[in-house]
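Q: Can you read through this structure? Questions will come right after.
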Protein chains: 4
Amino acid sequence: MKKKKPWGGRFSKPTEKTVEEFTESISFDRRLYKYDIEGSIAHARMLGKIGILKKNEAVAIVKGLEGIRKEMDDGRFSFSVELEDIHMNIEKRLIDKIGPAGAKLHTARSRNDQVALDIRLYLRDVIKEIIGCTSEFKSVLVDKARADIAVIIPGYTHLQPAQPVLFSHYLLAYWEMLERDRERFTDCLKRVNTMPLGSGAIAGTSFPVDREYVALLLGFDRITKNSMDAVSDRDFIIEFLSACAILGMHLSRLSEDLIIWSSQEFGFIELPDAFCTGSSMMPQKKNPDVLELVRGKTGRLYGNLLSLLTTMKGLPLTYNRDMQEDKEPLFDSVDTLTSILRLLTELISGIIVKKEAASTAASQGYMWATDVADYLVEKGVPFRTAHEITGKLVGYCIQSGKGIKDIEISWLKRFSDRFEKDIYDIITPEAGVNMRRVAGGTATEMVLKRIREIEEDDL
Amino acid sequence: MKKKKPWGGRFSKPTEKTVEEFTESISFDRRLYKYDIEGSIAHARMLGKIGILKKNEAVAIVKGLEGIRKEMDDGRFSFSVELEDIHMNIEKRLIDKIGPAGAKLHTARSRNDQVALDIRLYLRDVIKEIIGCTSEFKSVLVDKARADIAVIIPGYTHLQPAQPVLFSHYLLAYWEMLERDRERFTDCLKRVNTMPLGSGAIAGTSFPVDREYVALLLGFDRITKNSMDAVSDRDFIIEFLSACAILGMHLSRLSEDLIIWSSQEFGFIELPDAFCTGSSMMPQKKNPDVLELVRGKTGRLYGNLLSLLTTMKGLPLTYNRDMQEDKEPLFDSVDTLTSILRLLTELISGIIVKKEAASTAASQGYMWATDVADYLVEKGVPFRTAHEITGKLVGYCIQSGKGIKDIEISWLKRFSDRFEKDIYDIITPEAGVNMRRVAGGTATEMVLKRIREIEEDDL
Amino acid sequence: MKKKKPWGGRFSKPTEKTVEEFTESISFDRRLYKYDIEGSIAHARMLGKIGILKKNEAVAIVKGLEGIRKEMDDGRFSFSVELEDIHMNIEKRLIDKIGPAGAKLHTARSRNDQVALDIRLYLRDVIKEIIGCTSEFKSVLVDKARADIAVIIPGYTHLQPAQPVLFSHYLLAYWEMLERDRERFTDCLKRVNTMPLGSGAIAGTSFPVDREYVALLLGFDRITKNSMDAVSDRDFIIEFLSACAILGMHLSRLSEDLIIWSSQEFGFIELPDAFCTGSSMMPQKKNPDVLELVRGKTGRLYGNLLSLLTTMKGLPLTYNRDMQEDKEPLFDSVDTLTSILRLLTELISGIIVKKEAASTAASQGYMWATDVADYLVEKGVPFRTAHEITGKLVGYCIQSGKGIKDIEISWLKRFSDRFEKDIYDIITPEAGVNMRRVAGGTATEMVLKRIREIEEDDL
Amino acid sequence: MKKKKPWGGRFSKPTEKTVEEFTESISFDRRLYKYDIEGSIAHARMLGKIGILKKNEAVAIVKGLEGIRKEMDDGRFSFSVELEDIHMNIEKRLIDKIGPAGAKLHTARSRNDQVALDIRLYLRDVIKEIIGCTSEFKSVLVDKARADIAVIIPGYTHLQPAQPVLFSHYLLAYWEMLERDRERFTDCLKRVNTMPLGSGAIAGTSFPVDREYVALLLGFDRITKNSMDAVSDRDFIIEFLSACAILGMHLSRLSEDLIIWSSQEFGFIELPDAFCTGSSMMPQKKNPDVLELVRGKTGRLYGNLLSLLTTMKGLPLTYNRDMQEDKEPLFDSVDTLTSILRLLTELISGIIVKKEAASTAASQGYMWATDVADYLVEKGVPFRTAHEITGKLVGYCIQSGKGIKDIEISWLKRFSDRFEKDIYDIITPEAGVNMRRVAGGTATEMVLKRIREIEEDDL
């Protein structure tokens, strides 16, 4: 009959094969093998403890699973698409190795709660690793901030110079973002670190399993409280993908800044060679490829989040096969983020601020204007009048091409007789920076104070 | 000259007007007025405390602001697009009311830190409100679960009947989801409840402001630690929008279930009339409009999240005008979610499960198969053999059109001699439910236990 | 120095290696090899034609490239990550094979216009393939519609039965959607089928290349008209991904319908076994896994679209390395969609509508109400009155548990004296279907007419 | 009973009211009034033509509708939320005005096909308007390109100067993008311009309506071919939103470029004052607010697209109330895009390129390197050797701080004896530009040729 299908010409494979390939997950969920085995070992121990498995059966299963893990660690395991997923691949091999007792491992368990367990174990590890990466990144930001404490750069709003700031202050802005990211991952971890096994396919199990014991063995904080929820919950993955998207957004901003600042026109940042591409013919050229890719990869971090949100939209309870689509976006965001974080950590530590160029940039743009107005206010000039006077003074500087520091005090007094010689003390970038002694401000002492706080918290 | 613009024909308004309309935010940020005024009052008090404002100035400002708040509360305030945003509308009015002293309010402040403060104050309130709504929703779920404890429905995987479950168990699955949502909003609140004022436009302020005092007055837990971060951070909004999207996803699933279950074919749920539309001509028809809209509005909750993520992608530090685009998606998600939560709370409490229809449904579909296999395993039949036997038995039922309860024990023994009369005890929906006495399982005693836990936590 | 890096502990690989792995694209762009070689051959021929390559050089290059293609076809080519991308892998091998003349191939070309060419060649093929798949799908829909022309099912709005319709009419609704999808891909193809080579890195080339000749050799409709645009344009991929997302949405709706209709409660559709999973133990169970995965994969189709949209947002002109992120979402959507389309094509042709169950379903739900009201209107009863009468009649049927066909004419006349015996002709599902003889309506003759139209267009 | 609701405290409004407010659409779909009336008039005429309406009834209806339109145009119509949507508001008013005949208008029509008609009529107008806006924008780009033909700027890849290009060439790159946008909208229009009326609620109508006549009256190209598809199709809106998102992406890139180029560091673009904000106190400061908002609004254009895609995902056929969520994202994207396009059209025409600064920028960065290597190749130096020589020469320039034009020919010959005096002719920005005489290249003659082509096509 198959021969007569009107559309048959294109199909070289019989249906069973194409369906099998379409529905298999072993090509990507094999990545969970360590966690599947870890979970199965705990399950076997518990079944042994409550007497569903005989002692020797439990021992044989655990030993068998450990052997399989070794095979997989060593790359000697041959995965089969026919066996569909990581669970079946392992179960089948276990039965091959230890005989029918292997089949008993699946007692009081379903693939629905098993896969939920595996992802939670995996994600728990992954979150810890990402938190580790952010910590290292933050640590380098602080080290760099301490080392470059003397460097002043222009601070921008609207990509227009607004106020001179310490480069260290800028770096610590990212420290704060990364710290929030760490908090978000830590919060997410609470919801990941919950033990679903024992929920069965949907309704729980009729075997007298000891769920708390499994949780204990596997280091979970708590067990899930509703079996229907437990097998259909993917919140923790979405929440994780959302935290990844926000972190990716932060890094896209950092990349954007560094790309612009290392342009020939801004030119006050030098990126480490290893992170750029050049050309033997055009040795002056240094394309910030790594930063561009970091910025570009924001796309996939957002895309992965929306992918899973879309998949879960409107799904009836409880488990549906749609949910198999949770893994690939997850793995992709994990890989993307860990590699980005490691590369940026190294990149940041290798950045050189061209101090002179930065200082020149920070001296331009009349960034002293706010401070001069504030000066006048403090000398008793009404707020609005102070602003008007400053406006005229800036206008004069632009027209005459002079810097304010080149204008004599006698001439300054033509703008306002409140100007005294101390005005010259506030119009340098250094003064602009250091007068901002407010908590969270850019003054050197405040930035150093913040560095100390961070370092002390870290001990 | 304007007359000769080649494209001029279409523009009836001069540029200034169109630009003004394009850049204004007063049409939506007026919604923040209460918070803008609350923040300004605290700022004025602080300025008074540190002596930048004279006592009488501070008093006048506070009084002026309170007056403006009253005008706005009463709808007597006339907002001006020319004044662009809520901050300028209020400042201008303040100066009108109390004279030049009003202008001093803006000392040591910038619109960049001011708007950050306003949104944080607003969002703090909103999150509390949404948490309140989820609590009420959860409370109704528990009440309903207690009231309907005797109702059994089919539990579905793949939209196929998998196991009979208590309707209450199903309701409590949503309780768990909503509880996680509450946790996420609570976690988000930690990051919202941080005081940014004093960060100035970008670098902090040179005035000796007392940021901790402002935080105290406004009930903030902590102050922001880096001025550049403080004025360019919108994480807390994105995180909030993400929590909204996840909650919306939950509700889309609930809606989907109820829409399907109240279809004429499933037919074991009756929705309250007030939440459906019908037709005088077709009185049998009951369209679940509210649930459909809830499901449909997932679109805007996801869209709002993506919108702000996109806007923030690749933005150079610090403040950029792009960030004005943060408010409309925020307001829209807030409005959407609060109205959805309130309606669903009422709707859920009005649902009637048609007990008989549900029970019939829960008796069909051979959902006893797993339990029969487990029965045989417990009687000593090897796992695989037990499955085979059960398969044959189900096959026989299908072919013969009989239910298992209608098959005599002698006939059952032809399938396996391990079958005893106690088999009839496990094949009813009630038995299927109540044998799942595991923590988180659907057994009546476990569900009641969970209800008590929840109620006790709530005291 | 590397030894002393504070974060060095985690990095087992030197920077160069990690950067190389981060920036490489050969792991995925090798998929473009056929197109890269095809483009290079055309480029070499053109360079030969205009005299930049000597005849024998051009011949050697073409021969060399053909040899490399053979190596790749046969899986004998060894790809190198160090050589970063498919272009460099091929170029290096070419030089190895034919000596320095190979290096001349890159004259008047840049990787920027080369990769644009490759993707366009690839996408042109892919679009044709997808159009082919949709055509086959549409063809099966029509065949199925013709074969099942006698089958009536309930038509749903709000998942409530609204009007009996032909199953064939339902199938043809998807034919229309797929036809629009085909149109969209065809429209997209116009913008894909434009030849970018000759645009160089950004500004064009100073060599007197013959771009029209290259376009001719490669079968392009036209050449790009602006070099800066040509190297930074990825519209055609986004447009393609958008068309994929819409098509995916259609298929998610089809899947949803079939999942619901093949549930035990609706039960008027039987899915072919090969596309479901069952269980030896529960032979009655048939999980619609393929359909669920199709529905779930909408997530990645949407995610891929948003991924590239995000990447391209706010990118300065012209080429930026961010754009390397265009390929993986593209490949993923292509693979997803082609496999979905092929599977659904087979699945649809194997669906069995349980005619009796469908017919019963179509007889229920008082779907005759509109028609009865229209009947009265045609008999001269005012519109509103007709609606009121019908409402009362339906109410009576519900209360009495009677079908309208079981009510005698004398009794019917109590509701309205306009009822005549011909009323019984319009209240069957068949009548409900066949009275809708409007163009695009569900009447059998109209559906058959549409089938003929489609078949004739296809000749 | 309502008094005892546990959550009742918060609800000040009775259910009916809150449900009404939740489900109403009149607050936004009133915008469609013109189209609803236009469609109804055509429907009435057709009903008159086929005799379902008497002549005088049809006349009365048309006249009544025209009167209502006038009331709405004049702002005298009082919309009612109780009447839910624009259709019911108009129908109710019609009956009030002309009596029971008004009710007959709804014969052979359903709100399902009516709203589909309304949106299509609306979108047809909107697309024409947006195409008009893009045409004006493109026209200004060409005018500006012609006017500024003598201006050379650096062309960037990776935000690094790569090759000098004409500013006009840059502008025309956007012309090409906008032209593709126009094509996409035009293609979308084909699918919008299809007439759905006559599809009824789902299955067509049993009245002998003349759908082609309605299409003719309303200027549609064709009628829909399947009633189930017609009432559940929202593809045309999604496709439109996708075209908007791509156009928005283009404009975000333009904005990004102009923001960077008008920074003080790049400084070769001056934005018109009217599109920036400044400060009286800091007259040098010019924040590119309009461009930033344009860039930021990409977020909502993407968000709106995702919103509707999400809503439509997995919806069963046919009409579901979820689909009411189609309108707000549509209206928002329309408003956003039309205002952006108009503003940018004016902004572009007001840009001043600081010719000298641009020229200086275009002279820097050793952008001549490729051309020097090509020069050597043409003089017979092998490709790789030419690249090596050029690399050394650039290295020498960097080290010595010299420009190539300042190096005497005798010294140049030390790098290669193939250098002749004509080398000085190719190393200027002008030469770099004008030697790229390929189709689509940046040479002045090619750009002027393209301008002429465009202008001629436009006649």
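Just remember, in the structure tokens the first chain shown is A, the second B, etc., residues are 1-based per chain, and ligands are 1-based in the order shown.
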Do you know which residues are at most 12 Å from Gly48 of chain A counting only C-alpha atoms, after dropping those on the same chain fewer than 2 positions away, and could you put them as number ranges by chain?
A: A: 41-46, 50-62, 104-105, 107, 208-210, 213-214
Q: Show me which bits of chain B are within 6 Å of chain A, counting only C-alpha atoms, as JSON, numbers by chain.
A: {"B": [157, 158, 173, 203, 204, 205, 206, 225, 226, 227, 228, 229, 249, 252, 253, 256, 257, 313, 314, 315, 316, 318, 319, 320, 435, 436, 440, 441, 442]}
Q: If we count only C-alpha atoms and set the cut-off at 9 Å, which residues sit around Ser416 of chain D, ignoring sequence neighbours fewer than 5 positions away in its own chain? Please answer as a PyMOL selection string.
A: chain D and resi 376+386+389
Q: Taking 2 positions as the minimum chain separation for residues in the same chain, which residues sit within 10 Å of segment 137-151 of chain B when counting only C-alpha atoms? Answer as a ChimeraX atom specification.
A: /B:131-135,153,165-179,341-356,358-359,430,444-445,447-448,450-452,454-455,458 /D:5-7
